[in-house]
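Below: start.txt (compact mmCIF, C-alpha atoms)
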```
# COMPACT_ATOMS: atom_id res chain seq x y z
CA MET A 18 14.13 -1.84 68.08
CA ILE A 19 15.21 -3.51 64.82
CA PRO A 20 12.61 -6.32 64.41
CA TYR A 21 13.51 -9.76 63.07
CA GLY A 22 11.11 -9.19 60.15
CA HIS A 23 8.91 -6.43 58.81
CA GLN A 24 6.72 -5.60 55.82
CA TRP A 25 7.60 -2.90 53.30
CA ILE A 26 4.46 -1.08 52.20
CA ASP A 27 4.97 1.91 49.91
CA ASN A 28 2.70 4.49 48.31
CA LYS A 29 2.22 2.35 45.20
CA ASP A 30 0.85 -0.46 47.37
CA ILE A 31 -1.50 1.92 49.15
CA LYS A 32 -2.68 3.38 45.85
CA GLU A 33 -3.56 -0.07 44.46
CA VAL A 34 -5.52 -1.01 47.58
CA THR A 35 -7.34 2.33 47.53
CA LYS A 36 -8.36 1.79 43.91
CA VAL A 37 -10.11 -1.46 44.82
CA LEU A 38 -11.82 0.04 47.87
CA LYS A 39 -13.44 2.57 45.51
CA THR A 40 -14.88 -0.13 43.24
CA ASP A 41 -17.95 -2.34 43.59
CA TRP A 42 -15.80 -5.39 44.31
CA ILE A 43 -13.94 -5.40 47.61
CA THR A 44 -14.26 -9.19 47.96
CA GLN A 45 -14.91 -12.11 45.61
CA GLY A 46 -13.98 -9.96 42.63
CA PRO A 47 -11.44 -9.98 39.77
CA LYS A 48 -8.30 -9.19 41.79
CA ILE A 49 -8.36 -12.62 43.41
CA LYS A 50 -8.14 -14.46 40.11
CA GLU A 51 -5.51 -12.00 38.86
CA PHE A 52 -3.35 -12.63 41.93
CA GLU A 53 -3.76 -16.39 41.58
CA LYS A 54 -2.68 -16.32 37.94
CA ILE A 55 0.38 -14.20 38.71
CA ILE A 56 1.63 -16.50 41.48
CA ALA A 57 0.86 -19.69 39.53
CA LYS A 58 2.80 -18.42 36.52
CA TYR A 59 5.74 -17.33 38.69
CA CYS A 60 5.89 -20.79 40.25
CA SER A 61 5.35 -22.66 36.96
CA ALA A 62 2.17 -24.17 38.39
CA LYS A 63 -1.07 -24.67 36.47
CA TYR A 64 -3.49 -23.72 39.24
CA ALA A 65 -3.65 -21.54 42.33
CA VAL A 66 -6.23 -20.96 45.05
CA ALA A 67 -5.90 -17.85 47.22
CA VAL A 68 -7.19 -18.10 50.79
CA SER A 69 -7.37 -16.15 54.03
CA SER A 70 -4.11 -17.36 55.60
CA GLY A 71 -1.25 -19.83 55.30
CA THR A 72 -2.95 -21.93 57.98
CA ALA A 73 -6.15 -22.04 55.91
CA ALA A 74 -4.04 -23.11 52.92
CA LEU A 75 -2.57 -26.01 54.90
CA HIS A 76 -5.97 -27.09 56.19
CA LEU A 77 -7.46 -27.13 52.70
CA ALA A 78 -4.44 -28.95 51.27
CA TYR A 79 -4.80 -31.72 53.85
CA LEU A 80 -8.54 -31.93 53.24
CA ALA A 81 -7.93 -32.16 49.48
CA ALA A 82 -5.41 -34.91 50.22
CA ASP A 83 -8.27 -36.73 51.98
CA ILE A 84 -6.65 -36.73 55.43
CA LYS A 85 -9.22 -38.20 57.81
CA ASN A 86 -9.53 -39.73 61.25
CA LYS A 87 -6.36 -41.64 62.27
CA ASP A 88 -4.59 -40.97 58.97
CA GLU A 89 -0.91 -40.07 59.38
CA VAL A 90 1.06 -37.21 57.87
CA ILE A 91 4.85 -37.29 58.21
CA THR A 92 6.36 -33.91 58.95
CA THR A 93 9.04 -32.08 60.92
CA PRO A 94 8.77 -30.91 64.54
CA LEU A 95 10.80 -27.82 63.61
CA THR A 96 8.04 -25.67 62.17
CA PHE A 97 5.28 -23.25 63.07
CA ALA A 98 2.24 -24.78 64.77
CA SER A 99 0.04 -24.67 61.65
CA THR A 100 1.92 -27.39 59.77
CA ALA A 101 0.89 -29.97 62.35
CA ASN A 102 -2.24 -28.32 63.75
CA ALA A 103 -3.96 -28.47 60.38
CA VAL A 104 -3.40 -32.26 60.30
CA VAL A 105 -5.21 -32.46 63.63
CA TYR A 106 -8.08 -30.31 62.28
CA CYS A 107 -8.71 -33.14 59.81
CA GLY A 108 -8.63 -35.81 62.51
CA GLY A 109 -5.19 -37.01 61.46
CA LYS A 110 -1.98 -37.59 63.37
CA PRO A 111 1.26 -35.70 62.68
CA ILE A 112 4.17 -38.13 62.66
CA PHE A 113 7.31 -36.16 63.42
CA VAL A 114 10.74 -37.18 62.20
CA ASP A 115 14.06 -35.54 62.96
CA ILE A 116 15.87 -33.00 60.81
CA GLU A 117 19.12 -32.85 58.86
CA LYS A 118 22.08 -31.42 60.76
CA ASP A 119 23.00 -28.89 58.09
CA THR A 120 19.79 -27.58 56.45
CA PHE A 121 17.54 -28.22 59.50
CA ASN A 122 14.93 -29.54 57.06
CA ILE A 123 13.18 -32.89 57.36
CA ASN A 124 15.55 -35.86 56.94
CA PRO A 125 14.40 -37.97 53.94
CA GLU A 126 16.10 -41.09 55.29
CA LEU A 127 13.94 -40.93 58.41
CA VAL A 128 10.79 -40.25 56.42
CA GLU A 129 10.83 -43.64 54.75
CA LYS A 130 11.41 -45.42 58.07
CA SER A 131 8.29 -43.77 59.50
CA ILE A 132 5.82 -44.83 56.81
CA THR A 133 2.99 -47.11 57.96
CA PRO A 134 -0.22 -48.37 56.34
CA ARG A 135 -1.94 -45.28 57.78
CA THR A 136 0.44 -42.79 56.12
CA LYS A 137 -1.34 -40.56 53.59
CA ALA A 138 1.09 -37.71 52.96
CA ILE A 139 4.48 -36.15 53.60
CA ALA A 140 4.41 -32.50 54.66
CA THR A 141 7.75 -30.82 54.06
CA VAL A 142 8.82 -27.43 55.42
CA ASP A 143 11.44 -25.27 53.71
CA LEU A 144 12.91 -23.80 56.87
CA ALA A 145 14.19 -20.23 56.48
CA GLY A 146 13.54 -20.46 52.74
CA HIS A 147 15.97 -23.32 52.04
CA PRO A 148 14.25 -26.04 49.96
CA CYS A 149 14.17 -29.62 51.20
CA ASP A 150 15.87 -32.36 49.19
CA TYR A 151 12.90 -32.96 46.89
CA ASP A 152 14.42 -35.58 44.61
CA LYS A 153 14.73 -37.92 47.59
CA ILE A 154 11.35 -37.00 49.06
CA LEU A 155 9.45 -37.37 45.79
CA LYS A 156 11.09 -40.74 45.14
CA ILE A 157 9.89 -41.96 48.54
CA ALA A 158 6.41 -40.55 47.97
CA LYS A 159 6.09 -42.19 44.56
CA LYS A 160 7.28 -45.54 45.90
CA HIS A 161 4.66 -45.53 48.65
CA LYS A 162 1.92 -43.70 46.71
CA LEU A 163 1.85 -40.69 49.03
CA LEU A 164 1.05 -37.06 48.35
CA VAL A 165 3.61 -34.37 49.11
CA VAL A 166 2.28 -31.18 50.68
CA GLU A 167 4.99 -28.52 50.77
CA ASP A 168 4.76 -25.88 53.45
CA ALA A 169 6.56 -23.13 51.56
CA SER A 170 5.52 -20.34 53.92
CA HIS A 171 9.20 -19.37 54.04
CA SER A 172 10.17 -20.07 50.46
CA LEU A 173 8.20 -18.11 47.87
CA GLY A 174 10.89 -17.26 45.32
CA SER A 175 13.27 -20.03 46.38
CA GLU A 176 14.58 -22.55 43.87
CA TYR A 177 15.43 -26.25 43.95
CA LYS A 178 17.83 -27.30 41.18
CA LYS A 179 16.81 -24.17 39.23
CA ARG A 180 13.09 -25.01 39.55
CA LYS A 181 10.89 -22.51 41.34
CA ILE A 182 9.30 -23.69 44.56
CA GLY A 183 5.64 -24.28 43.78
CA SER A 184 6.29 -26.48 40.74
CA ILE A 185 7.55 -29.56 42.58
CA ALA A 186 5.17 -30.93 45.24
CA ASP A 187 1.61 -32.16 44.69
CA MET A 188 0.43 -29.08 46.56
CA THR A 189 2.52 -26.15 47.75
CA ILE A 190 1.24 -23.59 50.22
CA PHE A 191 2.41 -20.01 50.72
CA SER A 192 1.82 -17.45 53.45
CA PHE A 193 1.49 -13.72 52.90
CA HIS A 194 1.84 -12.67 56.52
CA PRO A 195 3.62 -9.30 56.92
CA VAL A 196 7.05 -10.82 57.63
CA LYS A 197 6.97 -13.05 54.53
CA ALA A 198 8.46 -12.42 51.07
CA ILE A 199 5.40 -10.43 50.03
CA THR A 200 2.33 -9.59 52.10
CA THR A 201 -1.42 -9.26 51.79
CA GLY A 202 -1.75 -8.48 55.52
CA GLU A 203 -3.00 -11.97 56.26
CA GLY A 204 -3.42 -14.42 53.42
CA GLY A 205 -2.21 -17.60 51.81
CA MET A 206 -2.32 -19.66 48.63
CA ILE A 207 -2.15 -23.24 47.42
CA VAL A 208 -0.59 -23.98 44.04
CA THR A 209 -0.81 -27.32 42.24
CA ASN A 210 -0.54 -28.95 38.83
CA ASN A 211 -3.35 -31.38 39.63
CA LYS A 212 -6.75 -30.29 38.28
CA SER A 213 -8.71 -32.64 40.54
CA LEU A 214 -7.02 -31.23 43.65
CA TYR A 215 -7.59 -27.70 42.34
CA GLU A 216 -11.33 -28.27 41.98
CA LYS A 217 -11.53 -29.68 45.51
CA LEU A 218 -9.60 -26.72 46.92
CA LYS A 219 -11.87 -24.17 45.24
CA THR A 220 -15.00 -25.85 46.60
CA LEU A 221 -13.62 -26.26 50.12
CA ARG A 222 -12.58 -22.60 50.23
CA HIS A 223 -16.18 -21.47 49.71
CA HIS A 224 -18.40 -23.47 52.12
CA GLY A 225 -18.40 -26.57 49.90
CA ILE A 226 -20.73 -24.81 47.49
CA VAL A 227 -20.91 -26.13 43.93
CA LYS A 228 -23.00 -24.08 41.50
CA LYS A 229 -25.33 -25.91 39.12
CA PRO A 230 -26.23 -23.30 36.47
CA LYS A 231 -28.32 -25.76 34.42
CA LYS A 232 -30.83 -25.77 37.29
CA GLY A 233 -30.85 -21.99 37.53
CA SER A 234 -28.32 -19.19 37.90
CA TRP A 235 -29.04 -19.06 41.64
CA TYR A 236 -28.84 -22.80 42.24
CA TYR A 237 -26.05 -24.54 44.13
CA GLU A 238 -25.50 -27.76 46.06
CA ILE A 239 -23.35 -28.70 49.05
CA GLU A 240 -22.18 -32.28 48.83
CA ASN A 241 -19.64 -31.84 51.64
CA PRO A 242 -19.26 -28.88 54.02
CA GLY A 243 -16.45 -26.47 53.32
CA TYR A 244 -15.11 -23.36 54.99
CA ASN A 245 -15.12 -19.61 54.64
CA TYR A 246 -11.43 -19.31 53.82
CA ARG A 247 -11.90 -16.58 51.21
CA ILE A 248 -9.49 -13.70 50.74
CA THR A 249 -10.55 -10.17 49.75
CA ASP A 250 -9.94 -8.23 46.56
CA PHE A 251 -8.15 -5.40 48.35
CA GLN A 252 -5.78 -7.90 49.97
CA CYS A 253 -5.04 -9.37 46.56
CA ALA A 254 -4.51 -5.88 45.13
CA LEU A 255 -1.83 -5.42 47.78
CA GLY A 256 -0.38 -8.83 46.90
CA ILE A 257 -0.20 -7.98 43.20
CA SER A 258 1.55 -4.70 43.94
CA GLN A 259 3.94 -6.41 46.34
CA PHE A 260 4.70 -9.15 43.82
CA LYS A 261 6.06 -6.58 41.37
CA LYS A 262 8.89 -6.02 43.87
CA ILE A 263 9.59 -9.64 44.83
CA SER A 264 12.84 -9.85 42.85
CA GLU A 265 14.30 -6.78 44.51
CA PHE A 266 13.00 -7.91 47.90
CA ILE A 267 14.79 -11.26 47.55
CA LYS A 268 17.90 -9.60 46.14
CA ARG A 269 18.11 -7.36 49.21
CA ARG A 270 17.59 -10.30 51.57
CA ARG A 271 20.42 -12.17 49.87
CA GLU A 272 22.70 -9.12 50.10
CA ILE A 273 22.11 -8.90 53.85
CA VAL A 274 22.74 -12.64 54.26
CA ALA A 275 26.01 -12.35 52.33
CA LYS A 276 27.09 -9.54 54.65
CA TYR A 277 26.17 -11.53 57.74
CA ASN A 278 28.00 -14.61 56.45
CA LYS A 279 31.14 -12.61 55.75
CA GLU A 280 31.15 -10.90 59.14
CA PHE A 281 30.32 -13.98 61.20
CA LYS A 282 32.38 -16.64 59.42
CA ASP A 283 35.34 -16.44 61.80
CA ILE A 284 33.35 -16.29 65.03
CA LYS A 285 33.86 -19.74 66.51
CA GLU A 286 30.99 -19.34 68.99
CA ILE A 287 28.27 -19.28 66.33
CA MET A 288 27.27 -21.33 63.30
CA THR A 289 25.62 -19.57 60.37
CA PRO A 290 22.94 -21.16 58.14
CA ILE A 291 24.03 -22.80 54.92
CA GLU A 292 22.81 -22.86 51.34
CA LYS A 293 23.42 -26.13 49.53
CA LYS A 294 24.48 -26.28 45.87
CA TYR A 295 21.05 -27.53 44.78
CA ALA A 296 19.26 -24.62 46.45
CA LYS A 297 18.69 -20.92 46.02
CA SER A 298 17.06 -19.63 49.18
CA ALA A 299 14.72 -16.64 49.37
CA TRP A 300 16.03 -16.22 52.94
CA HIS A 301 12.88 -15.61 54.93
CA ILE A 302 14.87 -15.69 58.16
CA TYR A 303 18.50 -15.92 59.25
CA PRO A 304 18.80 -18.40 62.15
CA ILE A 305 22.23 -18.71 63.74
CA GLN A 306 23.30 -21.43 66.16
CA LEU A 307 25.08 -20.52 69.37
CA LYS A 308 27.80 -23.01 70.26
CA LEU A 309 26.93 -22.99 73.94
CA GLU A 310 29.92 -25.10 74.94
CA LYS A 311 32.13 -22.17 73.91
CA LEU A 312 30.14 -19.57 75.88
CA LYS A 313 29.91 -18.68 79.56
CA VAL A 314 26.15 -18.12 79.51
CA ASN A 315 23.03 -19.77 78.12
CA ARG A 316 20.96 -18.76 75.10
CA LYS A 317 18.38 -16.94 77.23
CA LYS A 318 20.96 -14.51 78.58
CA ILE A 319 22.27 -13.66 75.10
CA PHE A 320 18.74 -13.38 73.70
CA GLU A 321 17.67 -10.96 76.43
CA GLU A 322 20.83 -8.88 76.14
CA LEU A 323 20.35 -8.49 72.39
CA ARG A 324 16.70 -7.53 72.88
CA GLY A 325 17.76 -5.03 75.53
CA ALA A 326 20.18 -3.48 73.04
CA GLY A 327 17.42 -2.97 70.47
CA ILE A 328 18.06 -6.05 68.33
CA GLY A 329 14.70 -7.78 67.90
CA VAL A 330 15.94 -11.36 67.75
CA GLN A 331 13.45 -14.24 67.71
CA ILE A 332 13.44 -18.05 68.01
CA HIS A 333 12.27 -20.26 65.13
CA TYR A 334 10.92 -22.57 66.56
CA ILE A 335 10.12 -24.28 69.82
CA PRO A 336 9.92 -27.90 68.57
CA LEU A 337 6.30 -29.03 68.35
CA HIS A 338 6.89 -32.37 70.03
CA LEU A 339 7.81 -30.47 73.20
CA GLN A 340 4.50 -28.59 73.27
CA PRO A 341 1.94 -29.83 75.85
CA PHE A 342 -0.75 -30.65 73.28
CA PHE A 343 1.44 -32.92 71.16
CA LYS A 344 2.98 -34.54 74.23
CA ASN A 345 -0.38 -35.24 75.85
CA LYS A 346 -2.33 -36.14 72.71
CA PHE A 347 0.24 -38.21 70.83
CA GLY A 348 2.78 -39.25 73.46
CA TYR A 349 5.78 -37.31 72.16
CA LYS A 350 8.45 -36.48 74.71
CA LYS A 351 11.79 -34.80 75.16
CA GLY A 352 14.57 -36.88 73.62
CA ASN A 353 12.51 -38.15 70.67
CA PHE A 354 14.28 -35.93 68.14
CA PRO A 355 17.77 -35.05 69.39
CA ILE A 356 18.96 -33.06 66.36
CA THR A 357 15.89 -30.84 66.48
CA GLU A 358 16.31 -30.34 70.22
CA LYS A 359 20.00 -29.49 69.90
CA TYR A 360 19.17 -26.97 67.19
CA TYR A 361 16.53 -25.35 69.39
CA GLN A 362 18.85 -25.02 72.38
CA GLY A 363 21.21 -22.74 70.46
CA ALA A 364 18.91 -21.10 67.90
CA ILE A 365 18.53 -17.35 67.56
CA THR A 366 17.01 -15.62 64.52
CA LEU A 367 18.63 -12.32 63.57
CA PRO A 368 16.82 -9.40 61.88
CA LEU A 369 16.43 -9.86 58.13
CA PHE A 370 14.02 -7.93 55.92
CA PRO A 371 14.33 -5.86 52.71
CA LYS A 372 13.72 -2.49 54.37
CA MET A 373 16.76 -2.90 56.63
CA THR A 374 19.20 -0.09 56.03
CA THR A 375 22.97 -0.49 55.78
CA LYS A 376 23.11 1.13 59.20
CA ASP A 377 20.64 -1.42 60.60
CA VAL A 378 22.70 -4.32 59.27
CA LYS A 379 25.90 -2.81 60.69
CA THR A 380 24.22 -2.32 64.08
CA VAL A 381 23.12 -5.96 64.21
CA ILE A 382 26.60 -7.21 63.29
CA GLU A 383 28.35 -4.98 65.81
CA MET A 384 25.99 -5.94 68.62
CA ILE A 385 26.25 -9.68 67.90
CA LYS A 386 30.04 -9.43 67.98
CA LYS A 387 30.01 -7.36 71.16
CA VAL A 388 27.69 -9.70 73.06
CA ILE A 389 29.41 -12.89 71.88
CA ASN A 390 32.86 -11.48 72.71
CA SER A 391 31.74 -10.54 76.21
CA TYR A 392 30.74 -14.14 76.98
CA GLN A 393 33.57 -16.09 75.38
CA LYS A 394 35.12 -18.80 77.51
```

Represent the structure contained in this file as structure tokens.
Amino acid sequence: MIPYGHQWIDNKDIKEVTKVLKTDWITQGPKIKEFEKIIAKYCSAKYAVAVSSGTAALHLAYLAADIKNKDEVITTPLTFASTANAVVYCGGKPIFVDIEKDTFNINPELVEKSITPRTKAIATVDLAGHPCDYDKILKIAKKHKLLVVEDASHSLGSEYKKRKIGSIADMTIFSFHPVKAITTGEGGMIVTNNKSLYEKLKTLRHHGIVKKPKKGSWYYEIENPGYNYRITDFQCALGISQFKKISEFIKRRREIVAKYNKEFKDIKEIMTPIEKKYAKSAWHIYPIQLKLEKLKVNRKKIFEELRGAGIGVQIHYIPLHLQPFFKNKFGYKKGNFPITEKYYQGAITLPLFPKMTTKDVKTVIEMIKKVINSYQK
């Protein structure tokens, strides 16, 4: 089976992790700060806070943004559960708005129409690694005095108008799950240029503890409870080693995407993802759209046939407003966001990861063509 995504761990990575495991510091040591500095510099951000997962990063970002009971955060329904779940953790309400037809990112025009007196933040998601239209979003946020929290779980290494993702929003979060651009196993990070937010994030990551050395080297106070969202030194050692290869990882992803685009461009039954002029995508995933009106079968049949042939396709994502929790808790229902729903009906994510061989890529292309051709109307 060729999976849709996969980590690439080599002997250098293993060696760096092993080094840390042989030291006195396997957690809360120097590798965490080193990893934070590396990612912050890469993103042109002043500050970074490494945490235990991308979900933890989102939760802390919303807490730092002071999201509380009944506060609203505008976001997209086309995302992983964490983007909206973390709003709920804070007692807030995710306000979904529909997506653009071409990028499948949140539609800025609909964002402004959804702002109410309860709105505290806009949470963008760079689907597949393609940045949102941040000039428009930041203009709206400034006008209404809102914070922008960027879920960049897909877009470490992406660029918006030649600016690295991580330097644009008030807070940007990354995930280091194994299928992401680089991995720490599980792990995440928040980057920001705002010192006040940075200080909040650091405290929240570590139980809300604030040390008061003037009262004694042991002394600390907890003004507000935080969380144990700490990451380990050996995870960060892996992240540092992985980061050294991020340029070649992204280069390989872009090579595979170029090959897919070339091979699929004349197949009228599918639509390939785009990359707008303002964007340079790190291409976390490659989601195609089946044009079901041109096919004899539904998406499920094609999905299962590809899986049966060893092509580990996936779906990104089932829209959150169709999930029972969000329907029952907030009253969302089918039909609320027609562009998102249409996208979902035909979406299939093809394998895309740096370790894919030329043979793997060829196999995926050949099987897609074979299956699509067999079900043409």

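Distances here use only C-alpha atoms; by that measure, the residue among A:Lys359, A:Lys156, A:Lys394, A:Lys197 closest to A:Trp25 is A:Lys197.
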
Residue among A:Ile123, A:Val90, A:Ala364, A:Cys60 lying closest to A:Tyr177, counting all atoms listed in the file
A:Cys60

If you take every atom of stretch 201-207 of chain A that the file lists and fit an axis-aligned box around them with 4 Å extra on each side, what centre and edge lengths come out in Å to one decimal, as JSON?
```
{"center_x": -2.4, "center_y": -15.9, "center_z": 51.8, "size_x": 10.0, "size_y": 22.8, "size_z": 16.8}
```

Counting only C-alpha atoms, what is within 8 Å of A:Gly243, bar same-chain residues fewer than 5 positions away, as a ChimeraX atom specification?
/A:220-226

So, with all atoms listed in the file as the atoms that count, which of A:Ile56, A:Leu77, A:Ile26, A:Val274 lies closest to A:Ile291?
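When distances to A:Ile291 are compared using all atoms listed in the file, the smallest one comes from A:Val274.
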
Is it possible to get the residues within 9 Å of (-6.9, -24.1, 46.1) (coordinates as in the file, counting all atoms listed in the file) written as a list of chain:residue names?
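Selection result: A:Tyr64, A:Ala65, A:Val66, A:Ala67, A:Val68, A:Ala74, A:Leu77, A:Ala78, A:Ala81, A:Met188, A:Met206, A:Ile207, A:Val208, A:Thr209, A:Leu214, A:Tyr215, A:Glu216, A:Lys217, A:Leu218, A:Lys219, A:Thr220, A:Leu221, A:Arg222.
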
Please produce an output containing C-alpha atoms for each residue in the selection, written as a compact mmCIF listing (two decimals), in the coordinates of the input.
```txt
# COMPACT_ATOMS: atom_id res chain seq x y z
CA TYR A 64 -3.49 -23.72 39.24
CA ALA A 65 -3.65 -21.54 42.33
CA VAL A 66 -6.23 -20.96 45.05
CA ALA A 67 -5.90 -17.85 47.22
CA VAL A 68 -7.19 -18.10 50.79
CA ALA A 74 -4.04 -23.11 52.92
CA LEU A 77 -7.46 -27.13 52.70
CA ALA A 78 -4.44 -28.95 51.27
CA ALA A 81 -7.93 -32.16 49.48
CA MET A 188 0.43 -29.08 46.56
CA MET A 206 -2.32 -19.66 48.63
CA ILE A 207 -2.15 -23.24 47.42
CA VAL A 208 -0.59 -23.98 44.04
CA THR A 209 -0.81 -27.32 42.24
CA LEU A 214 -7.02 -31.23 43.65
CA TYR A 215 -7.59 -27.70 42.34
CA GLU A 216 -11.33 -28.27 41.98
CA LYS A 217 -11.53 -29.68 45.51
CA LEU A 218 -9.60 -26.72 46.92
CA LYS A 219 -11.87 -24.17 45.24
CA THR A 220 -15.00 -25.85 46.60
CA LEU A 221 -13.62 -26.26 50.12
CA ARG A 222 -12.58 -22.60 50.23
```

I'd like the interatomic distance between atom CA of A:Ser264 and atom CA of A:Ser298, to a tenth of an Å.
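Distance between the two atoms: 12.4 Å.
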
Residue nearest A:Thr366 - candidates A:Ile154, A:Leu173, A:Ala145, A:Ala198, atoms counted: all atoms listed in the file:
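The answer is A:Ala145, which sits nearest to A:Thr366.
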
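Closest approach to A:Leu312 from the set A:Lys228, A:Glu265, A:Tyr392, A:Ile284 is made by A:Tyr392, with distances taken over only C-alpha atoms.
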
Go ahead and compute the interatomic distance for atom CA of A:Thr35 and atom CA of A:Gly71, in Å to one decimal.
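These two atoms are separated by 24.3 Å.
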
Since the input has fewer atoms than a full residue there, write stretch 293-304 of chain A out with N, CA and C atoms, as a PDB file, in the frame of the given file.
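And here's selection_35.pdb as it stands now:
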```pdb
ATOM      1  N   LYS A 293      22.828 -25.038  50.300  1.00  0.00           N
ATOM      2  CA  LYS A 293      23.420 -26.130  49.530  1.00  0.00           C
ATOM      3  C   LYS A 293      23.449 -25.800  48.037  1.00  0.00           C
ATOM      4  N   LYS A 294      24.294 -26.543  47.304  1.00  0.00           N
ATOM      5  CA  LYS A 294      24.480 -26.280  45.870  1.00  0.00           C
ATOM      6  C   LYS A 294      23.182 -26.414  45.083  1.00  0.00           C
ATOM      7  N   TYR A 295      22.295 -27.317  45.522  1.00  0.00           N
ATOM      8  CA  TYR A 295      21.050 -27.530  44.780  1.00  0.00           C
ATOM      9  C   TYR A 295      20.011 -26.447  45.056  1.00  0.00           C
ATOM     10  N   ALA A 296      20.286 -25.556  46.003  1.00  0.00           N
ATOM     11  CA  ALA A 296      19.260 -24.620  46.450  1.00  0.00           C
ATOM     12  C   ALA A 296      19.613 -23.163  46.180  1.00  0.00           C
ATOM     13  N   LYS A 297      18.589 -22.376  45.983  1.00  0.00           N
ATOM     14  CA  LYS A 297      18.690 -20.920  46.020  1.00  0.00           C
ATOM     15  C   LYS A 297      17.602 -20.461  46.981  1.00  0.00           C
ATOM     16  N   SER A 298      18.009 -19.982  48.133  1.00  0.00           N
ATOM     17  CA  SER A 298      17.060 -19.630  49.180  1.00  0.00           C
ATOM     18  C   SER A 298      16.566 -18.196  49.027  1.00  0.00           C
ATOM     19  N   ALA A 299      15.287 -17.994  49.326  1.00  0.00           N
ATOM     20  CA  ALA A 299      14.720 -16.640  49.370  1.00  0.00           C
ATOM     21  C   ALA A 299      15.011 -15.984  50.718  1.00  0.00           C
ATOM     22  N   TRP A 300      15.598 -16.729  51.639  1.00  0.00           N
ATOM     23  CA  TRP A 300      16.030 -16.220  52.940  1.00  0.00           C
ATOM     24  C   TRP A 300      14.936 -15.445  53.678  1.00  0.00           C
ATOM     25  N   HIS A 301      13.941 -16.192  54.100  1.00  0.00           N
ATOM     26  CA  HIS A 301      12.880 -15.610  54.930  1.00  0.00           C
ATOM     27  C   HIS A 301      13.426 -15.168  56.286  1.00  0.00           C
ATOM     28  N   ILE A 302      14.246 -16.013  56.874  1.00  0.00           N
ATOM     29  CA  ILE A 302      14.870 -15.690  58.160  1.00  0.00           C
ATOM     30  C   ILE A 302      16.337 -16.100  58.143  1.00  0.00           C
ATOM     31  N   TYR A 303      17.082 -15.611  59.124  1.00  0.00           N
ATOM     32  CA  TYR A 303      18.500 -15.920  59.250  1.00  0.00           C
ATOM     33  C   TYR A 303      18.749 -16.467  60.658  1.00  0.00           C
ATOM     34  N   PRO A 304      18.606 -17.801  60.829  1.00  0.00           N
ATOM     35  CA  PRO A 304      18.800 -18.400  62.150  1.00  0.00           C
ATOM     36  C   PRO A 304      20.261 -18.829  62.369  1.00  0.00           C
TER      37      PRO A 304
END
```
